[in-house]
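Trainee: mmCIF, C-alpha atoms, file coords-v1.cif:
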```cif
data_data
loop_
_atom_site.label_atom_id
_atom_site.label_comp_id
_atom_site.auth_asym_id
_atom_site.auth_seq_id
_atom_site.Cartn_x
_atom_site.Cartn_y
_atom_site.Cartn_z
CA PHE A 1 32.50 -197.35 72.74
CA THR A 2 28.85 -197.96 71.90
CA LEU A 3 28.37 -196.56 68.39
CA PRO A 4 26.88 -194.90 66.46
CA HIS A 5 26.52 -191.91 68.77
CA PRO A 6 25.69 -188.39 67.58
CA HIS A 7 28.66 -186.80 69.37
CA LEU A 8 31.18 -189.62 69.79
CA SER A 9 31.04 -190.93 66.22
CA PRO A 10 32.24 -187.68 64.53
CA LEU A 11 35.06 -187.39 67.07
CA LEU A 12 36.25 -190.96 66.47
CA ASP A 13 35.76 -191.12 62.71
CA GLY A 14 38.98 -192.10 60.92
CA ARG A 15 40.87 -192.81 64.15
CA GLY A 16 41.18 -196.59 63.99
CA ILE A 17 37.93 -197.65 65.63
CA GLN A 18 36.53 -201.04 64.66
CA PRO A 19 33.55 -203.16 65.72
CA ALA A 20 34.27 -205.56 68.54
CA ALA A 21 34.15 -209.29 67.85
CA ASP A 22 30.71 -210.90 67.72
CA THR A 23 31.37 -212.38 71.16
CA ALA A 24 30.84 -208.88 72.63
CA ARG A 25 27.10 -209.50 72.41
CA MET A 26 27.36 -212.28 75.02
CA ARG A 27 27.46 -211.53 78.77
CA HIS A 28 27.82 -213.74 81.85
CA ILE A 29 26.73 -213.65 85.48
CA TRP A 30 28.62 -215.44 88.26
CA THR A 31 26.18 -216.33 91.05
CA GLY A 32 28.84 -217.65 93.39
CA LYS A 33 28.03 -221.22 92.38
CA ARG A 34 27.61 -221.20 88.60
CA LEU A 35 28.33 -219.11 85.52
CA ILE A 36 25.15 -218.11 83.70
CA THR A 37 25.44 -217.04 80.07
CA LEU A 38 23.15 -214.31 78.73
CA ARG A 39 22.78 -214.40 74.96
CA PRO A 40 21.08 -211.53 73.12
CA GLY A 41 17.46 -211.95 72.18
CA PRO A 42 14.17 -212.96 73.80
CA ALA A 43 15.68 -216.15 75.23
CA VAL A 44 17.41 -214.04 77.87
CA VAL A 45 14.23 -214.22 79.96
CA LEU A 46 14.85 -217.95 80.36
CA ALA A 47 18.21 -217.40 82.08
CA PRO A 48 18.09 -218.90 85.60
CA LEU A 49 18.76 -215.63 87.44
CA ALA A 50 15.50 -215.82 89.40
CA SER A 51 12.71 -218.26 90.09
CA PRO A 52 9.71 -218.58 87.72
CA ARG A 53 7.59 -216.94 90.42
CA ALA A 54 9.97 -213.97 90.58
CA LYS A 55 9.93 -213.63 86.79
CA LEU A 56 6.13 -213.70 86.77
CA ARG A 57 6.11 -210.89 89.32
CA GLY A 58 8.56 -208.94 87.12
CA ALA A 59 6.27 -209.38 84.11
CA LEU A 60 3.55 -207.50 86.03
CA GLU A 61 5.78 -204.43 86.28
CA PHE A 62 3.50 -202.40 84.02
CA LEU A 63 0.88 -202.39 86.84
CA VAL A 64 3.19 -200.64 89.34
CA ALA A 65 2.41 -196.98 90.07
CA GLU A 66 5.12 -194.34 90.35
CA PRO A 67 5.70 -192.14 93.43
CA PRO A 68 5.77 -188.32 93.19
CA GLU A 69 8.34 -186.97 90.72
CA GLU A 70 10.48 -185.29 93.39
CA TYR A 71 10.87 -188.56 95.30
CA ASP A 72 14.49 -189.76 95.37
CA GLU A 73 14.81 -193.50 95.87
CA SER A 74 17.72 -195.87 95.70
CA LEU A 75 18.30 -198.10 92.70
CA ASP A 76 17.62 -201.10 94.92
CA THR A 77 14.27 -199.71 96.12
CA PHE A 78 13.27 -198.63 92.61
CA LEU A 79 13.90 -202.02 90.99
CA ARG A 80 12.51 -204.07 93.88
CA ARG A 81 9.35 -201.95 93.76
CA ARG A 82 8.96 -202.35 90.03
CA LEU A 83 10.22 -205.91 89.47
CA GLY A 84 9.59 -207.52 92.84
CA ASN A 85 12.03 -208.25 95.66
CA ASP A 86 13.89 -211.21 94.16
CA LEU A 87 14.34 -210.08 90.56
CA GLY A 88 14.73 -206.42 91.57
CA ARG A 89 17.51 -207.24 94.05
CA VAL A 90 19.54 -209.09 91.42
CA ALA A 91 18.91 -206.49 88.70
CA ALA A 92 19.90 -203.61 91.01
CA TRP A 93 23.11 -205.32 92.09
CA LEU A 94 24.17 -206.12 88.53
CA ALA A 95 23.41 -202.60 87.27
CA ALA A 96 25.28 -200.99 90.16
CA SER A 97 28.26 -203.32 89.68
CA GLY A 98 28.44 -202.97 85.91
CA VAL A 99 28.50 -199.17 85.85
CA PHE A 100 29.61 -197.86 89.24
CA ALA A 101 31.07 -200.85 91.13
CA GLY A 102 28.77 -199.36 93.74
CA ASP A 103 26.13 -200.13 96.34
CA PRO A 104 22.61 -200.28 94.86
CA THR A 105 21.09 -199.35 98.23
CA ARG A 106 22.98 -196.03 98.15
CA LEU A 107 22.89 -195.12 94.46
CA SER A 108 20.06 -192.84 93.37
CA ALA A 109 17.91 -194.46 90.66
CA HIS A 110 17.10 -191.12 88.99
CA ALA A 111 20.66 -189.75 89.12
CA ALA A 112 22.64 -192.92 88.42
CA PHE A 113 20.29 -194.62 85.94
CA PRO A 114 18.12 -191.96 84.31
CA THR A 115 17.67 -194.22 81.26
CA LEU A 116 15.65 -196.63 83.42
CA THR A 117 13.56 -193.98 85.12
CA ASP A 118 13.01 -192.20 81.79
CA LEU A 119 11.56 -195.43 80.36
CA VAL A 120 8.99 -195.41 83.14
CA ASP A 121 8.25 -191.71 82.70
CA ALA A 122 7.80 -192.03 78.93
CA HIS A 123 6.11 -195.42 78.65
CA GLY A 124 4.68 -196.21 82.06
CA SER A 125 7.01 -199.13 82.71
CA ILE A 126 10.52 -200.40 82.08
CA LEU A 127 9.27 -203.34 80.02
CA GLY A 128 6.98 -201.09 77.97
CA GLY A 129 9.88 -198.76 77.24
CA VAL A 130 12.14 -201.65 76.21
CA ARG A 131 9.45 -202.94 73.83
CA ALA A 132 9.08 -199.46 72.32
CA ARG A 133 12.83 -199.29 71.72
CA PHE A 134 12.87 -202.67 70.03
CA ARG A 135 10.06 -201.52 67.75
CA SER A 136 11.91 -198.32 66.82
CA GLN A 137 15.04 -200.33 65.99
CA ALA A 138 13.01 -202.69 63.82
CA GLU A 139 11.65 -199.70 61.91
CA GLY A 140 15.03 -198.72 60.52
CA SER A 141 17.15 -197.00 63.16
CA ARG A 142 20.75 -198.23 63.20
CA THR A 143 21.55 -200.76 65.88
CA ARG A 144 24.24 -199.58 68.26
CA SER A 145 27.09 -201.96 69.02
CA VAL A 146 30.39 -202.16 70.88
CA HIS A 147 33.47 -200.73 69.11
CA VAL A 148 37.11 -200.77 70.21
CA PRO A 149 40.25 -198.81 69.25
CA LEU A 150 42.94 -200.63 67.30
CA THR A 151 45.58 -199.22 69.65
CA THR A 152 45.20 -198.28 73.32
CA MET A 153 42.78 -195.81 74.85
CA THR A 154 45.75 -193.66 75.90
CA ASP A 155 47.09 -193.58 72.34
CA LEU A 156 43.63 -192.68 71.05
CA ALA A 157 43.21 -189.84 73.56
CA THR A 158 46.67 -188.49 72.70
CA GLN A 159 45.92 -188.65 68.98
CA ILE A 160 42.70 -186.67 69.42
CA ALA A 161 44.38 -184.11 71.67
CA GLU A 162 47.33 -183.62 69.31
CA SER A 163 44.93 -182.95 66.43
CA LEU A 164 44.36 -179.59 68.14
CA GLY A 165 47.90 -178.55 67.18
CA ASP A 166 49.26 -175.57 69.13
CA ARG A 167 45.98 -175.26 71.01
CA PHE A 168 46.87 -178.41 72.94
CA ARG A 169 49.10 -177.42 75.87
CA PRO A 170 50.29 -180.58 77.69
CA GLY A 171 52.29 -180.45 80.89
CA VAL A 172 50.88 -177.17 82.18
CA THR A 173 50.49 -177.39 85.96
CA VAL A 174 47.45 -175.62 87.40
CA ASN A 175 47.28 -174.49 91.02
CA ALA A 176 44.24 -172.20 91.01
CA VAL A 177 41.47 -170.84 88.82
CA ARG A 178 40.21 -167.42 89.88
CA ARG A 179 38.24 -164.47 88.59
CA GLU A 180 40.09 -161.23 87.89
CA GLY A 181 37.71 -158.57 86.65
CA PRO A 182 35.72 -159.83 83.67
CA ARG A 183 38.16 -162.66 82.90
CA TRP A 184 39.41 -165.87 84.42
CA ILE A 185 43.03 -166.37 85.43
CA VAL A 186 44.53 -169.85 85.41
CA ASP A 187 47.54 -169.81 87.73
CA GLY A 188 50.23 -172.46 87.64
CA SER A 189 53.41 -173.13 85.69
CA GLU A 190 52.02 -170.48 83.33
CA ARG A 191 49.61 -167.61 83.92
CA LEU A 192 46.77 -167.82 81.41
CA GLY A 193 43.76 -165.58 80.89
CA ALA A 194 40.45 -166.68 79.38
CA ASP A 195 36.82 -165.69 78.97
CA HIS A 196 35.69 -169.26 79.68
CA VAL A 197 37.31 -172.10 81.61
CA VAL A 198 36.25 -175.76 81.57
CA LEU A 199 37.37 -177.86 84.53
CA ALA A 200 37.26 -181.42 83.18
CA THR A 201 38.49 -183.01 86.40
CA HIS A 202 37.26 -185.13 89.27
CA PRO A 203 35.08 -182.95 91.58
CA GLU A 204 37.60 -183.47 94.37
CA VAL A 205 40.35 -181.99 92.16
CA ALA A 206 38.14 -179.12 91.00
CA ALA A 207 37.39 -178.28 94.65
CA GLY A 208 41.10 -177.66 95.20
CA LEU A 209 41.36 -175.24 92.26
CA VAL A 210 38.51 -172.86 93.12
CA THR A 211 37.39 -171.05 96.26
CA GLY A 212 34.21 -169.94 98.01
CA PRO A 213 30.78 -171.60 97.81
CA LEU A 214 31.70 -173.63 94.72
CA ALA A 215 34.69 -175.25 96.44
CA GLU A 216 32.50 -176.04 99.43
CA ALA A 217 29.78 -177.58 97.26
CA LEU A 218 32.24 -179.69 95.25
CA ARG A 219 33.63 -181.26 98.42
CA GLY A 220 30.28 -182.97 98.91
CA SER A 221 30.92 -185.47 96.10
CA SER A 222 31.39 -189.16 96.82
CA ALA A 223 33.38 -191.89 95.09
CA ALA A 224 34.24 -195.58 95.41
CA PRO A 225 37.90 -196.63 95.09
CA VAL A 226 38.54 -199.61 92.82
CA VAL A 227 41.45 -201.88 92.06
CA VAL A 228 41.92 -202.91 88.43
CA VAL A 229 43.90 -206.08 87.77
CA GLY A 230 45.11 -207.32 84.38
CA LEU A 231 45.75 -211.05 84.07
CA GLY A 232 47.15 -212.67 80.93
CA GLY A 233 49.08 -215.62 79.65
CA PRO A 234 49.49 -218.23 76.90
CA ASP A 235 46.60 -220.64 76.45
CA LEU A 236 44.59 -218.76 79.08
CA ASP A 237 41.21 -220.43 78.75
CA ILE A 238 38.63 -217.66 79.13
CA PRO A 239 34.92 -217.75 78.22
CA ASP A 240 33.70 -216.12 75.03
CA GLY A 241 31.89 -212.87 75.67
CA PHE A 242 32.21 -209.24 76.64
CA GLY A 243 32.38 -209.69 80.37
CA ILE A 244 31.23 -211.27 83.60
CA LEU A 245 29.39 -209.57 86.45
CA THR A 246 29.31 -211.11 89.91
CA GLY A 247 25.91 -211.45 91.54
CA PRO A 248 24.84 -210.24 95.01
CA ASP A 249 25.50 -213.64 96.60
CA ALA A 250 28.94 -214.20 95.06
CA ALA A 251 30.74 -212.65 98.07
CA THR A 252 33.79 -211.61 96.02
CA ALA A 253 35.85 -208.44 95.86
CA THR A 254 35.59 -208.87 92.09
CA ARG A 255 32.64 -206.94 90.68
CA GLY A 256 33.33 -207.49 87.00
CA VAL A 257 35.69 -209.26 84.59
CA LEU A 258 36.20 -207.85 81.09
CA LEU A 259 37.12 -210.62 78.66
CA GLU A 260 39.52 -208.45 76.69
CA SER A 261 41.04 -211.01 74.32
CA SER A 262 37.60 -212.40 73.46
CA TYR A 263 35.86 -209.23 72.27
CA ALA A 264 39.10 -207.48 71.21
CA PRO A 265 41.53 -210.23 70.15
CA HIS A 266 44.24 -207.76 69.12
CA ARG A 267 44.73 -206.79 72.77
CA ALA A 268 46.72 -209.97 73.43
CA PRO A 269 49.37 -211.77 71.36
CA ASP A 270 48.28 -214.76 69.31
CA GLY A 271 47.69 -217.77 71.51
CA HIS A 272 47.35 -215.63 74.64
CA GLY A 273 44.37 -214.60 76.73
CA LEU A 274 43.80 -211.36 78.63
CA VAL A 275 41.19 -210.32 81.18
CA LYS A 276 40.73 -207.11 83.12
CA VAL A 277 39.20 -207.39 86.58
CA ILE A 278 37.46 -204.54 88.40
CA ALA A 279 37.30 -205.04 92.15
CA ARG A 280 35.73 -202.86 94.83
CA ALA A 281 38.71 -201.66 96.85
CA THR A 282 38.55 -202.65 100.49
CA PRO A 283 41.14 -201.02 102.78
CA GLN A 284 42.91 -204.40 102.93
CA LEU A 285 43.08 -204.68 99.14
CA LEU A 286 44.36 -201.11 98.77
CA ALA A 287 47.07 -201.72 101.37
CA ALA A 288 48.22 -205.09 100.00
CA ASP A 289 51.24 -205.34 97.71
CA ASP A 290 50.79 -206.25 94.04
CA SER A 291 51.57 -209.95 94.47
CA ALA A 292 48.98 -210.31 97.25
CA VAL A 293 46.36 -208.48 95.13
CA VAL A 294 47.10 -210.73 92.13
CA ASP A 295 46.89 -213.85 94.33
CA HIS A 296 43.56 -212.81 95.82
CA ILE A 297 41.91 -211.67 92.59
CA GLY A 298 43.47 -214.49 90.59
CA THR A 299 41.97 -217.04 93.00
CA GLU A 300 38.53 -215.44 92.64
CA VAL A 301 38.74 -215.40 88.84
CA ALA A 302 39.96 -219.01 88.73
CA GLY A 303 36.89 -219.96 90.76
CA ILE A 304 34.65 -218.14 88.30
CA PHE A 305 36.32 -219.80 85.29
CA GLY A 306 36.20 -223.20 86.95
CA GLY A 307 39.87 -224.13 86.69
CA ASP A 308 43.46 -223.13 87.35
CA LEU A 309 44.61 -219.74 86.13
CA ASP A 310 48.19 -219.87 84.83
CA VAL A 311 49.16 -216.22 84.23
CA THR A 312 52.46 -214.80 83.04
CA PHE A 313 51.33 -211.18 82.74
CA THR A 314 49.92 -209.11 85.59
CA GLU A 315 49.18 -205.44 86.08
CA VAL A 316 47.65 -203.77 89.16
CA VAL A 317 46.19 -200.26 89.17
CA ARG A 318 44.85 -198.79 92.42
CA HIS A 319 42.28 -196.18 91.50
CA ARG A 320 42.26 -194.50 94.91
CA ARG A 321 40.19 -191.50 93.88
CA GLY A 322 37.67 -193.96 92.52
CA ILE A 323 34.51 -193.99 90.46
CA PRO A 324 32.09 -191.16 91.33
CA GLN A 325 28.99 -192.44 93.11
CA TYR A 326 25.65 -190.81 92.28
CA GLU A 327 24.17 -191.56 95.66
CA LEU A 328 20.85 -190.46 97.14
CA GLY A 329 20.81 -186.68 97.11
CA HIS A 330 23.09 -186.44 94.04
CA ARG A 331 20.57 -184.32 92.13
CA ARG A 332 20.32 -181.87 95.05
CA TRP A 333 24.12 -181.77 95.26
CA LEU A 334 24.39 -181.14 91.50
CA ALA A 335 21.81 -178.33 91.72
CA ALA A 336 23.85 -176.71 94.51
CA VAL A 337 27.03 -177.03 92.44
CA ASP A 338 25.32 -175.50 89.39
CA GLU A 339 23.97 -172.66 91.55
CA ALA A 340 27.48 -171.90 92.85
CA THR A 341 29.19 -172.11 89.43
CA PRO A 342 29.74 -168.76 87.69
CA GLU A 343 28.29 -168.40 84.18
CA SER A 344 31.62 -168.63 82.35
CA LEU A 345 33.08 -171.48 84.40
CA HIS A 346 32.09 -174.98 83.30
CA LEU A 347 32.42 -178.34 85.05
CA ALA A 348 32.85 -181.48 82.95
CA GLY A 349 33.73 -185.07 83.68
CA TRP A 350 32.25 -188.22 85.12
CA GLY A 351 31.48 -186.74 88.53
CA TYR A 352 28.38 -184.88 87.44
CA ARG A 353 25.92 -186.06 84.75
CA GLY A 354 26.98 -189.55 83.73
CA VAL A 355 30.05 -191.79 84.01
CA GLY A 356 29.91 -193.39 80.55
CA LEU A 357 31.77 -192.08 77.49
CA ALA A 358 28.46 -191.46 75.71
CA HIS A 359 27.25 -189.34 78.65
CA LEU A 360 30.53 -187.41 78.70
CA ALA A 361 30.38 -186.72 74.96
CA THR A 362 26.80 -185.46 75.20
CA ASP A 363 27.65 -183.19 78.13
CA ALA A 364 30.78 -181.90 76.38
CA PHE A 365 28.68 -180.99 73.33
CA ARG A 366 26.23 -179.15 75.61
CA ILE A 367 29.07 -177.15 77.18
CA ALA A 368 30.62 -176.34 73.78
CA GLN A 369 27.25 -175.07 72.50
CA HIS A 370 26.83 -172.92 75.60
CA ILE A 371 30.29 -171.35 75.19
CA THR A 372 29.96 -170.68 71.46
CA ALA A 373 26.51 -169.18 72.00
#
```
The structure in this file should be written as structure tokens.
Mentor:
Amino acid sequence: FTLPHPHLSPLLDGRGIQPAADTARMRHIWTGKRLITLRPGPAVVLAPLASPRAKLRGALEFLVAEPPEEYDESLDTFLRRRLGNDLGRVAAWLAASGVFAGDPTRLSAHAAFPTLTDLVDAHGSILGGVRARFRSQAEGSRTRSVHVPLTTMTDLATQIAESLGDRFRPGVTVNAVRREGPRWIVDGSERLGADHVVLATHPEVAAGLVTGPLAEALRGSSAAPVVVVGLGGPDLDIPDGFGILTGPDAATATRGVLLESSYAPHRAPDGHGLVKVIARATPQLLAADDSAVVDHIGTEVAGIFGGDLDVTFTEVVRHRRGIPQYELGHRRWLAAVDEATPESLHLAGWGYRGVGLAHLATDAFRIAQHITA
């Protein structure tokens, strides 16, 4: 979690959330040939991610004009146009990998990264917006930082849900959500009636619960399957930091490596290391058995770390439904979904207005306000 946050912080208060280790401020990029460390602060501009010429072109970003507001361009096009081809290509790839494990040439800049486009809208350039944010932080606003739960994310979610008491109804199977007169009927292992229903599911799942134009619109969503691999063991020598992103020339299935035992030491026993690898799922990787996946990903990670990887703990999760992709046309798709959604039915989750926990909390608060109003 990145805290403080106006809607996440109250929800998490008193639930065993602690700041991550100081190493969480450090990030790394694997170019395919070398591991580049990015430390916080102005010195980050010296990192050898692009040539001096490319960086000079990026520094002139404030001179770039914006196209018409309704223009939908890919993240790759947006950042190449603003930062130049070389720096923009690298920046787009890293942003797409770090959030969506996606393709920057297909992701919509405005839909997938509104924070970037909002900086341009508000300040005329990305760099100008970043400078304005640094100034506001220096004037007294609290600096946001990475926080982690003391237990697992599953335990934390269960704890929050169980705080609802009898209002929390686990294990209820739902087959359909339909309108019956002025109310909604939720059909499944129980038959429930309600004035409002929130479907906090993947759009693909929601499409199977409703009918008519809304179901048709929801089927237009897109997603990217990923494979998540946990690798751990005694004396596992991992870099300090929050994580590693692979660059556009790395040619690996691995898109990111979270250095779990560095920024959250309690996630591994004393003397052990733990990393979590997120890989874009090719058909071959999805079809392979666990040992083959571990061999393939383990070899890639060993190459990134620059040495042998002696692991005694492995875990493979195939996320076949995948991470929603806010591709070109996502805003038009979302407008069509909103148009087809009845007033008292609400869609929540990472398929719509943001994939991060902060986005989800903000959208949940918006929905709750709408219902209570």
Trainee: Kindly indicate which residue among A:Gly349, A:Val301, A:Thr2, A:Asp13 lies nearest to Val205 in chain A, using all atoms listed in the file for the distances.
Mentor: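 Checking each candidate against Val205 in chain A, we get A:Gly349 as the closest.
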Trainee: Apply the PyMOL selection byres ((chain A and resi 357) around 12) to the displayed file and report the matching residues as a list of chain:residue names.
Mentor: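 Output of the PyMOL selection byres ((chain A and resi 357) around 12): A:Phe1, A:Thr2, A:Leu3, A:His5, A:His7, A:Leu8, A:Ser9, A:Leu11, A:Leu12, A:Val99, A:Met153, A:Ala348, A:Gly349, A:Trp350, A:Arg353, A:Gly354, A:Val355, A:Gly356, A:Ala358, A:His359, A:Leu360, A:Ala361, A:Thr362, A:Asp363, A:Ala364.
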Trainee: Evaluate the PyMOL selection byres ((chain A and resi 306) around 12) on the structure here and hand back the selected residues as a list in words.
Mentor: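 Output from the PyMOL selection byres ((chain A and resi 306) around 12), applied to this file: Trp30, Gly32, Lys33, Arg34, Leu35, Asp237, Ile238, Pro239, Gly298, Thr299, Glu300, Val301, Ala302, Gly303, Ile304, Phe305, Gly307, Asp308 and Leu309 of chain A.
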Trainee: Take the PyMOL selection byres ((chain A and resi 113) around 10), apply it to the structure above, and return the hits as a PDB file with C-alpha atoms, in the frame of the given file.
Mentor:
```pdb
ATOM      1  CA  LEU A  75      18.300-198.100  92.700  1.00  0.00           C
ATOM      2  CA  ALA A  95      23.410-202.600  87.270  1.00  0.00           C
ATOM      3  CA  ALA A  96      25.280-200.990  90.160  1.00  0.00           C
ATOM      4  CA  VAL A  99      28.500-199.170  85.850  1.00  0.00           C
ATOM      5  CA  LEU A 107      22.890-195.120  94.460  1.00  0.00           C
ATOM      6  CA  SER A 108      20.060-192.840  93.370  1.00  0.00           C
ATOM      7  CA  ALA A 109      17.910-194.460  90.660  1.00  0.00           C
ATOM      8  CA  HIS A 110      17.100-191.120  88.990  1.00  0.00           C
ATOM      9  CA  ALA A 111      20.660-189.750  89.120  1.00  0.00           C
ATOM     10  CA  ALA A 112      22.640-192.920  88.420  1.00  0.00           C
ATOM     11  CA  PRO A 114      18.120-191.960  84.310  1.00  0.00           C
ATOM     12  CA  THR A 115      17.670-194.220  81.260  1.00  0.00           C
ATOM     13  CA  LEU A 116      15.650-196.630  83.420  1.00  0.00           C
ATOM     14  CA  THR A 117      13.560-193.980  85.120  1.00  0.00           C
ATOM     15  CA  ASP A 118      13.010-192.200  81.790  1.00  0.00           C
ATOM     16  CA  TYR A 326      25.650-190.810  92.280  1.00  0.00           C
ATOM     17  CA  GLY A 354      26.980-189.550  83.730  1.00  0.00           C
TER      18      GLY A 354
END
```
Trainee: Provide the CA of Thr77 in chain A to CA of Gly129 in chain A distance in Å, to one decimal place.
Mentor: 19.4 Å
Trainee: Any chance you could work out the axis-aligned box around range 65-71 of chain A, listed atoms only, 6 Å on each side, giving centre and edge lengths in Å to one decimal, as lines of an AutoDock Vina configuration file?
Mentor:
```
center_x = 6.6
center_y = -191.1
center_z = 92.7
size_x = 20.5
size_y = 23.7
size_z = 17.2
```
Trainee: Go through A:Gly322, A:Gly84, A:Gly232, A:Pro40 and flag the residue nearest Asp22 in chain A, using all atoms listed in the file for the distances.
Mentor: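 Of A:Gly322, A:Gly84, A:Gly232, A:Pro40, the one nearest Asp22 in chain A, counting all atoms listed in the file, is A:Pro40.
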Trainee: With a cut-off of 10 Å, could you pull out the residues of range 115-188 of chain A touching range 263-282 of chain A and give me the nearest pair of atoms for each, distance in Å to one decimal, using only C-alpha atoms, ordered by chain and ascending number, as CSV?
Mentor:
```
residue,atom,partner,partner_atom,distance
A:Val146,CA,A:Tyr263,CA,9.0
A:His147,CA,A:Ala264,CA,9.0
A:Val148,CA,A:Ala264,CA,7.1
A:Pro149,CA,A:Ala264,CA,9.0
A:Leu150,CA,A:His266,CA,7.5
A:Thr151,CA,A:Arg267,CA,8.2
A:Thr152,CA,A:Arg267,CA,8.5
```
Trainee: Using only C-alpha atoms, pick whichever of A:Thr23, A:Gln325, A:Thr154, A:Thr105 has the shortest atom-to-atom distance to Gly351 in chain A.
Mentor: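 Of A:Thr23, A:Gln325, A:Thr154, A:Thr105, the one nearest Gly351 in chain A is A:Gln325, counting only C-alpha atoms.
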Trainee: What is the CA of Ile371 in chain A to CA of Ile160 in chain A distance in Å?
Mentor: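 According to the coordinates, CA of Ile371 in chain A and CA of Ile160 in chain A are separated by 20.5 Å.
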Trainee: Under the rule that all atoms listed in the file are counted, which of A:Ala101, A:Val257, A:Ala207, A:Leu87 is the nearest residue to Ala54 in chain A?
Mentor: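 That would be A:Leu87, the residue with the smallest distance to Ala54 in chain A.
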Trainee: Which range 51-146 of chain A residues have any atom within 8 Å of an atom of range 240-245 of chain A, and for each, what is the nearest pair of atoms with distance in Å to one decimal, counting only C-alpha atoms, rows sorted by chain and number, as a tab-separated table?
Mentor:
```
residue	atom	partner	partner_atom	distance
A:Leu94	CA	A:Leu245	CA	6.6
A:Ser97	CA	A:Leu245	CA	7.1
A:Gly98	CA	A:Leu245	CA	6.7
```
Trainee: For the atom pair CA of Arg131 in chain A and CA of Arg82 in chain A, what is the interatomic distance in Å to one decimal place?
Mentor: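 Separation of CA of Arg131 in chain A and CA of Arg82 in chain A: 16.2 Å.
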Trainee: For Ala340 in chain A, which of A:Ala206, A:Ala157, A:Ala215, A:Ile36 is the closest residue, counting all atoms listed in the file?
Mentor: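 Smallest separation from Ala340 in chain A among the options: A:Ala215.
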Trainee: From the list A:Ala176, A:Val64, A:Ala161, A:Ala251, which residue is nearest Gly128 in chain A when using all atoms listed in the file?
Mentor: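 Of the candidates, the smallest distance to Gly128 in chain A is held by A:Val64.
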